[in-house]
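Have a look at query-v2.cif; it's mmCIF, C-alpha atoms and all ligand atoms:
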```cif
data_my_file
#
loop_
_atom_site.label_atom_id
_atom_site.label_comp_id
_atom_site.auth_asym_id
_atom_site.auth_seq_id
_atom_site.Cartn_x
_atom_site.Cartn_y
_atom_site.Cartn_z
CA MET A 1 -11.80 -37.91 -5.66
CA LYS A 2 -11.54 -35.07 -8.21
CA HIS A 3 -9.34 -35.39 -11.31
CA PHE A 4 -8.75 -32.95 -14.17
CA THR A 5 -7.69 -34.74 -17.32
CA ARG A 6 -10.49 -33.59 -19.66
CA ILE A 7 -12.74 -30.58 -20.06
CA ALA A 8 -15.71 -32.78 -19.10
CA ASP A 9 -14.28 -32.92 -15.55
CA LEU A 10 -15.10 -29.22 -15.20
CA GLY A 11 -17.93 -28.62 -17.68
CA PRO A 12 -18.70 -25.10 -18.94
CA GLU A 13 -19.41 -23.67 -15.47
CA GLY A 14 -16.19 -25.10 -14.01
CA VAL A 15 -14.14 -23.88 -16.98
CA GLN A 16 -15.46 -20.36 -16.48
CA GLN A 17 -14.74 -20.51 -12.74
CA ILE A 18 -11.13 -21.58 -13.39
CA LEU A 19 -10.66 -18.77 -15.92
CA ALA A 20 -12.10 -16.24 -13.47
CA LYS A 21 -9.76 -17.45 -10.71
CA ALA A 22 -6.74 -17.45 -13.02
CA ALA A 23 -7.53 -13.90 -14.17
CA ALA A 24 -8.04 -12.68 -10.59
CA TRP A 25 -4.77 -14.26 -9.40
CA LYS A 26 -2.87 -12.48 -12.18
CA LYS A 27 -3.89 -9.24 -10.43
CA THR A 28 -3.71 -10.37 -6.80
CA ARG A 29 -1.17 -13.13 -6.34
CA PRO A 30 -2.23 -15.83 -3.88
CA GLY A 31 0.14 -16.75 -1.03
CA ALA A 32 1.49 -20.17 -0.01
CA ILE A 33 -1.57 -22.07 -1.26
CA PHE A 34 0.48 -25.22 -1.92
CA ALA A 35 2.54 -25.17 1.31
CA ASP A 36 3.89 -28.65 2.09
CA ARG A 37 2.16 -30.12 -0.99
CA ILE A 38 4.05 -32.21 -3.52
CA LEU A 39 3.08 -32.61 -7.18
CA GLY A 40 4.40 -35.77 -8.86
CA MET A 41 4.96 -35.10 -12.57
CA VAL A 42 5.15 -38.18 -14.82
CA PHE A 43 6.41 -37.57 -18.34
CA PHE A 44 6.13 -40.19 -21.07
CA ASN A 45 6.99 -37.40 -23.59
CA PRO A 46 9.14 -34.25 -23.63
CA SER A 47 8.07 -30.73 -22.74
CA LEU A 48 9.31 -27.18 -22.22
CA ARG A 49 6.27 -25.09 -21.19
CA THR A 50 4.29 -27.79 -19.38
CA ARG A 51 7.15 -28.93 -17.20
CA ALA A 52 8.40 -25.45 -16.34
CA SER A 53 4.95 -23.95 -15.72
CA PHE A 54 3.69 -26.78 -13.47
CA GLU A 55 6.92 -26.79 -11.47
CA ALA A 56 6.83 -22.99 -11.18
CA ALA A 57 3.19 -23.06 -10.01
CA MET A 58 4.13 -25.42 -7.16
CA LEU A 59 7.42 -23.74 -6.19
CA ARG A 60 6.08 -20.17 -6.24
CA HIS A 61 3.28 -21.07 -3.82
CA GLY A 62 5.17 -23.00 -1.17
CA GLY A 63 4.98 -26.49 -2.70
CA HIS A 64 7.35 -28.92 -4.37
CA ALA A 65 7.41 -30.98 -7.55
CA ILE A 66 9.00 -34.34 -8.30
CA VAL A 67 9.68 -34.97 -12.00
CA LEU A 68 9.82 -38.54 -13.31
CA GLU A 69 10.69 -39.25 -16.94
CA VAL A 70 9.32 -42.70 -17.78
CA GLY A 71 12.06 -44.94 -19.16
CA ALA A 72 14.78 -42.38 -18.42
CA GLY A 73 15.69 -42.91 -14.79
CA THR A 74 12.43 -44.69 -13.93
CA TRP A 75 11.09 -48.06 -15.09
CA LYS A 76 9.07 -48.13 -18.28
CA LEU A 77 5.37 -48.52 -17.39
CA GLU A 78 2.97 -51.15 -18.71
CA ASP A 79 -0.68 -50.06 -18.79
CA ARG A 80 -2.40 -53.01 -20.55
CA ASP A 81 -4.58 -55.23 -18.39
CA GLY A 82 -3.46 -58.86 -18.44
CA ALA A 83 -0.21 -58.12 -20.29
CA VAL A 84 2.54 -60.76 -20.16
CA MET A 85 5.30 -58.39 -19.14
CA ASP A 86 8.12 -59.80 -21.24
CA SER A 87 8.93 -56.49 -23.02
CA ASP A 88 11.05 -53.58 -21.76
CA ARG A 89 8.15 -52.33 -19.58
CA ALA A 90 9.26 -53.55 -16.14
CA GLU A 91 6.55 -51.98 -13.93
CA HIS A 92 2.75 -52.06 -14.22
CA VAL A 93 0.64 -48.97 -13.55
CA ARG A 94 -1.39 -51.13 -11.13
CA GLU A 95 1.54 -50.94 -8.69
CA GLY A 96 3.50 -47.91 -9.90
CA VAL A 97 0.62 -45.40 -9.77
CA PRO A 98 -0.65 -46.19 -6.23
CA VAL A 99 2.96 -46.32 -4.99
CA LEU A 100 3.49 -42.76 -6.25
CA GLY A 101 0.29 -41.78 -4.45
CA ARG A 102 1.96 -42.69 -1.15
CA TYR A 103 4.59 -39.95 -1.74
CA VAL A 104 2.75 -37.06 -3.42
CA ASP A 105 -0.52 -35.11 -3.12
CA ALA A 106 -1.41 -35.09 -6.82
CA LEU A 107 -0.09 -36.70 -10.01
CA ALA A 108 0.31 -34.82 -13.29
CA VAL A 109 0.78 -36.99 -16.39
CA ARG A 110 1.94 -36.35 -19.96
CA THR A 111 1.19 -39.21 -22.34
CA PHE A 112 0.79 -38.42 -26.04
CA SER A 113 -1.20 -40.38 -28.59
CA HIS A 114 0.72 -43.35 -30.00
CA GLY A 115 -0.84 -42.68 -33.41
CA ASP A 116 -2.98 -45.84 -33.30
CA GLY A 117 -6.08 -44.04 -34.57
CA ASP A 118 -8.94 -41.85 -33.40
CA ALA A 119 -10.79 -44.71 -31.66
CA ILE A 120 -7.82 -45.50 -29.38
CA ASP A 121 -7.21 -41.80 -28.74
CA GLU A 122 -10.84 -41.52 -27.67
CA LEU A 123 -10.24 -44.28 -25.08
CA ASP A 124 -7.13 -42.44 -23.84
CA PRO A 125 -5.80 -45.63 -22.22
CA VAL A 126 -2.75 -44.40 -20.30
CA ILE A 127 -4.20 -41.35 -18.56
CA ASN A 128 -7.36 -43.31 -17.79
CA ALA A 129 -5.22 -46.04 -16.20
CA PHE A 130 -3.74 -43.34 -13.96
CA ARG A 131 -7.26 -42.18 -13.05
CA ARG A 132 -8.23 -45.77 -12.28
CA PHE A 133 -5.31 -46.68 -10.06
CA SER A 134 -4.35 -43.36 -8.47
CA THR A 135 -5.11 -42.70 -4.83
CA VAL A 136 -4.53 -38.95 -5.33
CA PRO A 137 -5.98 -36.44 -7.85
CA VAL A 138 -4.67 -36.77 -11.43
CA LEU A 139 -4.06 -33.80 -13.74
CA SER A 140 -3.38 -33.97 -17.46
CA MET A 141 -0.25 -32.45 -18.90
CA GLU A 142 -1.58 -33.63 -22.33
CA SER A 143 -2.91 -37.04 -23.21
CA ALA A 144 -4.04 -38.72 -26.42
CA ARG A 145 -7.47 -37.03 -26.48
CA GLU A 146 -6.98 -33.68 -24.79
CA HIS A 147 -4.54 -31.04 -23.56
CA PRO A 148 -7.02 -29.32 -21.23
CA HIS A 149 -4.64 -26.89 -19.53
CA GLN A 150 -3.61 -25.65 -22.97
CA GLY A 151 -7.25 -25.05 -23.87
CA LEU A 152 -7.77 -23.06 -20.66
CA ALA A 153 -4.66 -20.94 -21.34
CA ASP A 154 -5.83 -20.32 -24.92
CA LEU A 155 -9.22 -19.03 -23.81
CA LEU A 156 -7.72 -16.90 -21.03
CA THR A 157 -5.53 -15.26 -23.70
CA ILE A 158 -8.56 -14.51 -25.90
CA GLN A 159 -10.50 -13.17 -22.91
CA GLU A 160 -7.62 -10.83 -22.02
CA ALA A 161 -7.38 -9.52 -25.59
CA HIS A 162 -11.09 -8.92 -26.14
CA GLY A 163 -12.61 -8.67 -22.65
CA THR A 164 -14.82 -11.69 -23.46
CA THR A 165 -14.57 -15.18 -24.92
CA LYS A 166 -17.83 -14.78 -26.85
CA VAL A 167 -16.11 -13.67 -30.07
CA PRO A 168 -15.56 -15.24 -33.51
CA VAL A 169 -12.48 -17.48 -33.36
CA THR A 170 -10.89 -19.60 -36.08
CA LEU A 171 -9.13 -22.88 -35.36
CA THR A 172 -7.20 -23.49 -38.54
CA TRP A 173 -5.30 -26.60 -39.58
CA ALA A 174 -1.67 -25.88 -40.47
CA PRO A 175 0.88 -27.92 -42.44
CA HIS A 176 3.51 -30.17 -40.86
CA MET A 177 5.73 -32.96 -42.09
CA LYS A 178 4.31 -35.35 -39.48
CA PRO A 179 0.70 -36.36 -38.68
CA LEU A 180 0.56 -34.77 -35.20
CA PRO A 181 -1.96 -35.79 -32.49
CA LYS A 182 -5.31 -33.99 -32.16
CA ALA A 183 -5.21 -33.29 -28.40
CA VAL A 184 -4.50 -29.56 -28.85
CA PRO A 185 -7.17 -28.80 -31.48
CA ASN A 186 -9.63 -30.97 -29.52
CA SER A 187 -8.99 -28.96 -26.36
CA PHE A 188 -9.23 -25.60 -28.11
CA LEU A 189 -12.57 -26.61 -29.61
CA LEU A 190 -13.97 -27.99 -26.33
CA THR A 191 -12.80 -25.08 -24.19
CA ALA A 192 -13.93 -22.41 -26.68
CA ALA A 193 -17.34 -24.11 -26.85
CA ALA A 194 -17.49 -24.20 -23.03
CA CYS A 195 -16.83 -20.44 -23.12
CA GLY A 196 -19.55 -19.61 -25.66
CA ALA A 197 -17.27 -18.60 -28.54
CA GLU A 198 -18.35 -18.51 -32.20
CA ILE A 199 -15.94 -21.14 -33.49
CA ARG A 200 -14.97 -21.74 -37.10
CA VAL A 201 -12.89 -24.91 -37.58
CA ALA A 202 -11.07 -24.88 -40.93
CA HIS A 203 -9.18 -27.89 -42.26
CA PRO A 204 -8.56 -29.73 -45.54
CA LYS A 205 -10.90 -32.58 -46.42
CA GLY A 206 -9.88 -35.72 -44.51
CA TYR A 207 -8.65 -33.87 -41.40
CA GLU A 208 -11.96 -33.90 -39.49
CA LEU A 209 -11.79 -34.03 -35.69
CA ALA A 210 -13.30 -37.14 -34.09
CA PRO A 211 -17.12 -37.31 -34.00
CA GLU A 212 -17.15 -37.85 -30.20
CA VAL A 213 -15.17 -34.66 -29.64
CA ARG A 214 -17.39 -32.69 -32.02
CA ALA A 215 -20.51 -33.99 -30.27
CA GLU A 216 -19.15 -32.97 -26.87
CA ALA A 217 -18.30 -29.50 -28.19
CA GLU A 218 -21.83 -29.12 -29.61
CA LYS A 219 -23.24 -29.96 -26.18
CA TYR A 220 -21.14 -27.22 -24.55
CA ALA A 221 -22.00 -24.70 -27.29
CA ALA A 222 -25.71 -25.41 -26.78
CA ALA A 223 -25.29 -24.73 -23.06
CA THR A 224 -23.30 -21.51 -23.47
CA GLY A 225 -24.86 -19.90 -26.56
CA GLY A 226 -21.76 -20.67 -28.63
CA LYS A 227 -21.70 -21.71 -32.28
CA ILE A 228 -19.50 -24.12 -34.23
CA LEU A 229 -18.97 -24.18 -38.00
CA TYR A 230 -16.74 -26.70 -39.82
CA THR A 231 -15.39 -25.72 -43.21
CA THR A 232 -12.69 -26.55 -45.75
CA ASP A 233 -12.64 -22.86 -46.81
CA GLN A 234 -9.88 -21.26 -44.72
CA ASP A 235 -10.40 -17.75 -46.17
CA ALA A 236 -14.10 -17.77 -45.29
CA ALA A 237 -13.32 -18.95 -41.75
CA LEU A 238 -10.73 -16.21 -41.19
CA GLU A 239 -13.03 -13.40 -42.35
CA GLY A 240 -13.71 -11.16 -39.34
CA SER A 241 -12.21 -13.54 -36.76
CA ALA A 242 -11.10 -11.97 -33.48
CA ALA A 243 -8.60 -14.77 -32.82
CA VAL A 244 -6.79 -17.17 -35.12
CA TYR A 245 -5.51 -20.41 -33.58
CA ALA A 246 -3.25 -22.44 -35.86
CA LYS A 247 -2.29 -26.06 -35.23
CA ALA A 248 -1.07 -28.98 -37.29
CA TRP A 249 -2.84 -32.31 -36.84
CA GLY A 250 -3.00 -35.60 -38.66
CA PRO A 251 -5.77 -36.96 -40.88
CA SER A 252 -8.86 -38.61 -39.43
CA THR A 253 -8.58 -42.39 -39.27
CA SER A 254 -11.68 -42.78 -41.44
CA SER A 255 -10.14 -40.66 -44.25
CA GLY A 256 -7.63 -43.36 -45.17
CA LEU A 257 -4.99 -40.62 -45.64
CA GLU A 258 -1.54 -41.54 -44.31
CA ALA A 259 0.00 -38.12 -43.59
CA ALA A 260 0.01 -34.51 -44.70
CA PRO A 261 0.57 -34.27 -48.46
CA MET A 262 2.72 -31.17 -47.99
CA ALA A 263 3.03 -30.22 -51.64
CA ASP A 264 -0.73 -29.72 -51.91
CA LEU A 265 -1.41 -28.06 -48.57
CA GLY A 266 1.42 -25.56 -48.03
CA ALA A 267 -0.97 -22.65 -48.72
CA TRP A 268 -2.71 -23.46 -45.40
CA MET A 269 0.34 -22.06 -43.49
CA PRO A 270 -0.82 -18.78 -41.86
CA THR A 271 1.00 -15.73 -43.24
CA ALA A 272 0.47 -11.99 -42.77
CA ALA A 273 -1.88 -12.11 -45.77
CA HIS A 274 -4.04 -14.64 -43.93
CA MET A 275 -4.15 -12.48 -40.80
CA GLN A 276 -5.24 -9.46 -42.85
CA LYS A 277 -8.46 -11.34 -43.62
CA ALA A 278 -9.26 -11.51 -39.89
CA ALA A 279 -10.71 -8.63 -37.83
CA LYS A 280 -8.56 -5.51 -37.40
CA GLU A 281 -7.97 -6.28 -33.71
CA ALA A 282 -7.41 -10.02 -34.28
CA ILE A 283 -4.82 -11.91 -32.26
CA PHE A 284 -2.83 -14.97 -33.31
CA THR A 285 -2.34 -17.90 -30.93
CA HIS A 286 -0.51 -21.23 -31.05
CA CYS A 287 0.26 -23.67 -28.23
CA LEU A 288 4.01 -23.84 -29.09
CA PRO A 289 6.43 -25.29 -29.97
CA VAL A 290 5.89 -24.10 -33.55
CA ARG A 291 7.92 -24.90 -36.67
CA ARG A 292 8.50 -21.52 -38.27
CA ASN A 293 7.87 -21.19 -42.00
CA LEU A 294 6.49 -24.72 -42.14
CA GLU A 295 3.49 -24.47 -39.80
CA VAL A 296 3.31 -20.67 -39.31
CA HIS A 297 5.16 -17.93 -41.21
CA ASP A 298 7.64 -15.57 -39.50
CA SER A 299 5.47 -12.61 -40.54
CA VAL A 300 2.70 -13.86 -38.22
CA LEU A 301 4.85 -14.95 -35.27
CA ASP A 302 6.87 -11.72 -35.39
CA GLY A 303 3.89 -9.56 -36.38
CA PRO A 304 1.48 -7.41 -34.35
CA TRP A 305 -1.06 -10.22 -33.97
CA SER A 306 1.06 -12.72 -32.06
CA ARG A 307 0.14 -13.53 -28.43
CA VAL A 308 1.99 -16.84 -28.28
CA VAL A 309 4.29 -15.88 -25.38
CA ASP A 310 1.41 -14.43 -23.32
CA GLU A 311 -0.49 -17.64 -24.03
CA ALA A 312 2.44 -19.73 -22.74
CA GLU A 313 2.57 -17.57 -19.59
CA ASN A 314 -1.13 -18.24 -19.08
CA ARG A 315 -0.37 -21.95 -18.69
CA PHE A 316 1.13 -21.04 -15.30
CA HIS A 317 -1.92 -19.00 -14.29
CA VAL A 318 -4.58 -21.55 -15.22
CA GLN A 319 -2.58 -24.41 -13.71
CA ARG A 320 -2.29 -22.86 -10.27
CA ALA A 321 -6.06 -22.43 -10.41
CA THR A 322 -6.69 -26.09 -11.34
CA ILE A 323 -4.19 -27.43 -8.79
CA ASP A 324 -5.94 -25.30 -6.15
CA HIS A 325 -9.30 -26.67 -7.35
CA LEU A 326 -8.07 -30.26 -6.85
CA LEU A 327 -6.07 -29.83 -3.65
CA ASN A 328 -7.79 -27.05 -1.72
CA ALA A 329 -11.42 -26.59 -2.84
N1 LIG B 1 2.24 -26.23 -25.30
C1 LIG B 1 2.93 -27.19 -24.66
O1 LIG B 1 2.35 -28.10 -24.08
O2 LIG B 1 4.27 -27.01 -24.69
P1 LIG B 1 5.34 -28.12 -24.23
O3 LIG B 1 5.17 -29.30 -25.16
O4 LIG B 1 6.67 -27.46 -24.37
O5 LIG B 1 5.06 -28.51 -22.83
#
```
Write-out of the structure in structure tokens:
Amino acid sequence: MKHFTRIADLGPEGVQQILAKAAAWKKTRPGAIFADRILGMVFFNPSLRTRASFEAAMLRHGGHAIVLEVGAGTWKLEDRDGAVMDSDRAEHVREGVPVLGRYVDALAVRTFSHGDGDAIDELDPVINAFRRFSTVPVLSMESAREHPHQGLADLLTIQEAHGTTKVPVTLTWAPHMKPLPKAVPNSFLLTAAACGAEIRVAHPKGYELAPEVRAEAEKYAAATGGKILYTTDQDAALEGSAAVYAKAWGPSTSSGLEAAPMADLGAWMPTAAHMQKAAKEAIFTHCLPVRRNLEVHDSVLDGPWSRVVDEAENRFHVQRATIDHLLNA
């Protein structure tokens, strides 16, 4: 059975096929490709874009979606093997997940990192429990390690702006008052590498992405002719970039840092002055939601560079392509 919860499920060739299908279907809308199909959507965490875009993809093509918010109208789910279930988690994924498979044709799951460190995020326990126990295809709506549909939407946006993904792109760390998960920067890096981009990853010392993710990205870059450079010099990374992707994330576990020391790192927030260091035709992207004037300055989000709303629209387009890949191909 096919699942799509990580870029490795598609590999570079599959990523490029999904982007090609998504781009083609923006021009020629497919018909009732999900007629009589039901997508079960399981949310452990909130959402605006992910929920609306997945539901819209099903409804606009003849299908249906059932939304379950774990712990809010459904039982809280236990995912640990051998757990003594004496907490507030009344149902185990070993029963709950296959039961859902009796009602729906695919399961989409959102389960953020619990902030227990890079090693646990790498294991991605909850979404992998769904993969293990599901009797129908599983899609990620963001898990601890990756947000793969976001990465696909990001690269579709860059392709639309520049006619190719093989351009210099900067993934820059941005400030935040909380140590956010790394799923979004991981997915941008992996998807851009799968698309042959020249990637510059800029972050303060101590905010390195996990070695396993970097190794996977290097493998994709080697296969696609892409390049990856890691730097703590944000200005140097921005120089000549065709796309600037900003995202806050927390320190690496090995750094020993607890959270973002905001007073020291506020200058990392992208402003118009930062964007003027990029290429003349550069675009600005962010997965959203974004905290204005903390993570990204108004002058960027309201400026000529911003493609953040187009990028959010592209979630819909890449998702109908991946759902089709799982249900119809
Ligand atoms: N980018 C993204 O996943 O947005 P939501 O958290 O609103 O779904």
Which residues of chain A come within 8 Å of ligand LIG 1 (chain B), and what is each one's closest atom pair and distance in Å (one decimal), counting all atoms listed in the file, sorted by chain and residue number, as JSON lines?
```
{"residue": "A:Pro46", "atom": "CA", "partner": "B:LIG1", "partner_atom": "O3", "distance": 6.5}
{"residue": "A:Ser47", "atom": "CA", "partner": "B:LIG1", "partner_atom": "O5", "distance": 3.7}
{"residue": "A:Leu48", "atom": "CA", "partner": "B:LIG1", "partner_atom": "O4", "distance": 3.4}
{"residue": "A:Arg49", "atom": "CA", "partner": "B:LIG1", "partner_atom": "O5", "distance": 4.0}
{"residue": "A:Thr50", "atom": "CA", "partner": "B:LIG1", "partner_atom": "O5", "distance": 3.6}
{"residue": "A:Arg51", "atom": "CA", "partner": "B:LIG1", "partner_atom": "O5", "distance": 6.0}
{"residue": "A:Ala52", "atom": "CA", "partner": "B:LIG1", "partner_atom": "O5", "distance": 7.9}
{"residue": "A:Met141", "atom": "CA", "partner": "B:LIG1", "partner_atom": "O1", "distance": 7.2}
{"residue": "A:Glu142", "atom": "CA", "partner": "B:LIG1", "partner_atom": "O1", "distance": 7.0}
{"residue": "A:His147", "atom": "CA", "partner": "B:LIG1", "partner_atom": "O1", "distance": 7.5}
{"residue": "A:Gln150", "atom": "CA", "partner": "B:LIG1", "partner_atom": "N1", "distance": 6.3}
{"residue": "A:Cys287", "atom": "CA", "partner": "B:LIG1", "partner_atom": "N1", "distance": 4.4}
{"residue": "A:Leu288", "atom": "CA", "partner": "B:LIG1", "partner_atom": "N1", "distance": 4.8}
{"residue": "A:Pro289", "atom": "CA", "partner": "B:LIG1", "partner_atom": "O2", "distance": 6.0}
{"residue": "A:Ala312", "atom": "CA", "partner": "B:LIG1", "partner_atom": "N1", "distance": 7.0}
```
### Query
Could you work out how far atom CA of A:Gly196 lies from atom CA of A:His162, giving the answer in Å with one decimal?
13.6 Å
Could you make a table, as JSON lines, of the residues of stretch 52-76 of chain A that have an atom within 10 Å of an atom of stretch 83-105 of chain A, each with its nearest atom pair and distance in Å to one decimal, counting all atoms listed in the file, in chain and number order?
```
{"residue": "A:His64", "atom": "CA", "partner": "A:Val104", "partner_atom": "CA", "distance": 9.4}
{"residue": "A:Ala65", "atom": "CA", "partner": "A:Val104", "partner_atom": "CA", "distance": 8.7}
{"residue": "A:Ile66", "atom": "CA", "partner": "A:Val104", "partner_atom": "CA", "distance": 8.4}
{"residue": "A:Val70", "atom": "CA", "partner": "A:Arg89", "partner_atom": "CA", "distance": 9.9}
{"residue": "A:Gly71", "atom": "CA", "partner": "A:Arg89", "partner_atom": "CA", "distance": 8.4}
{"residue": "A:Thr74", "atom": "CA", "partner": "A:Glu91", "partner_atom": "CA", "distance": 9.4}
{"residue": "A:Trp75", "atom": "CA", "partner": "A:Ala90", "partner_atom": "CA", "distance": 5.9}
{"residue": "A:Lys76", "atom": "CA", "partner": "A:Arg89", "partner_atom": "CA", "distance": 4.5}
```
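In this structure, atom CA of A:Ala221 sits 14.0 Å away from atom CA of A:Asn186.
Shortest separation to A:Lys26 among A:Leu68, A:Ala321, A:Val184, A:Leu327 occurs at residue A:Ala321, atoms counted being all atoms listed in the file.
Closest approach to A:Leu59 from the set A:Glu281, A:Asp154, A:Asp79, A:Asp36 is made by A:Asp36, with distances taken over all atoms listed in the file.
Coordinates place atom CA of A:Arg80 at a distance of 8.7 Å from atom CA of A:Ala129.
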### Task
Name the residues, using the chain letters and numbers of the file, that sit within 8 Å of (-13.3, -25.4, -39.3) when counting all atoms listed in the file, and give them as a PyMOL selection string.
chain A and resi 170-172+199-203+229-234+237
### Message
Just checking: using all atoms listed in the file, which residue out of A:Asp302, A:Val213, A:Asp118, A:Pro185 ends up closest to A:Ser254?
### Response
A:Asp118
### Task
Would you list the contacts of A:Glu216 as a VMD selection string, taking every protein, DNA or RNA residue within 12 Å and counting only C-alpha atoms, but skipping same-chain residues closer than 5 positions in sequence?
chain A and resid 6 to 8 11 to 12 122 186 to 187 189 to 194 209 to 211 221 to 223 228
### Task
Determine the nearest neighbour of A:Val167 from the options A:Phe4, A:Ala279, A:Met58, A:Ser299, counting only C-alpha atoms.
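Of A:Phe4, A:Ala279, A:Met58, A:Ser299, the one nearest A:Val167, counting only C-alpha atoms, is A:Ala279.
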### Task
Compare A:Glu69, A:Asp310, A:Asp121, A:Asp235 by their minimum atom-to-atom distance to A:Ala278, counting only C-alpha atoms, and give me the closest one.
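Of A:Glu69, A:Asp310, A:Asp121, A:Asp235, the one nearest A:Ala278 is A:Asp235, counting only C-alpha atoms.
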Show me, as a PDB file with C-alpha atoms, in the coordinates of the input, the residues that have an atom within 8 Å of stretch 156-161 of chain A when counting all atoms listed in the file, minus same-chain residues fewer than 3 positions from it.
```pdb
ATOM      1  CA  LEU A  19     -10.660 -18.770 -15.920  1.00  0.00           C
ATOM      2  CA  ALA A  23      -7.530 -13.900 -14.170  1.00  0.00           C
ATOM      3  CA  LEU A 152      -7.770 -23.060 -20.660  1.00  0.00           C
ATOM      4  CA  ALA A 153      -4.660 -20.940 -21.340  1.00  0.00           C
ATOM      5  CA  THR A 164     -14.820 -11.690 -23.460  1.00  0.00           C
ATOM      6  CA  THR A 165     -14.570 -15.180 -24.920  1.00  0.00           C
ATOM      7  CA  ALA A 243      -8.600 -14.770 -32.820  1.00  0.00           C
ATOM      8  CA  ILE A 283      -4.820 -11.910 -32.260  1.00  0.00           C
ATOM      9  CA  ARG A 307       0.140 -13.530 -28.430  1.00  0.00           C
ATOM     10  CA  ASP A 310       1.410 -14.430 -23.320  1.00  0.00           C
ATOM     11  CA  GLU A 311      -0.490 -17.640 -24.030  1.00  0.00           C
ATOM     12  CA  ASN A 314      -1.130 -18.240 -19.080  1.00  0.00           C
TER      13      ASN A 314
END
```
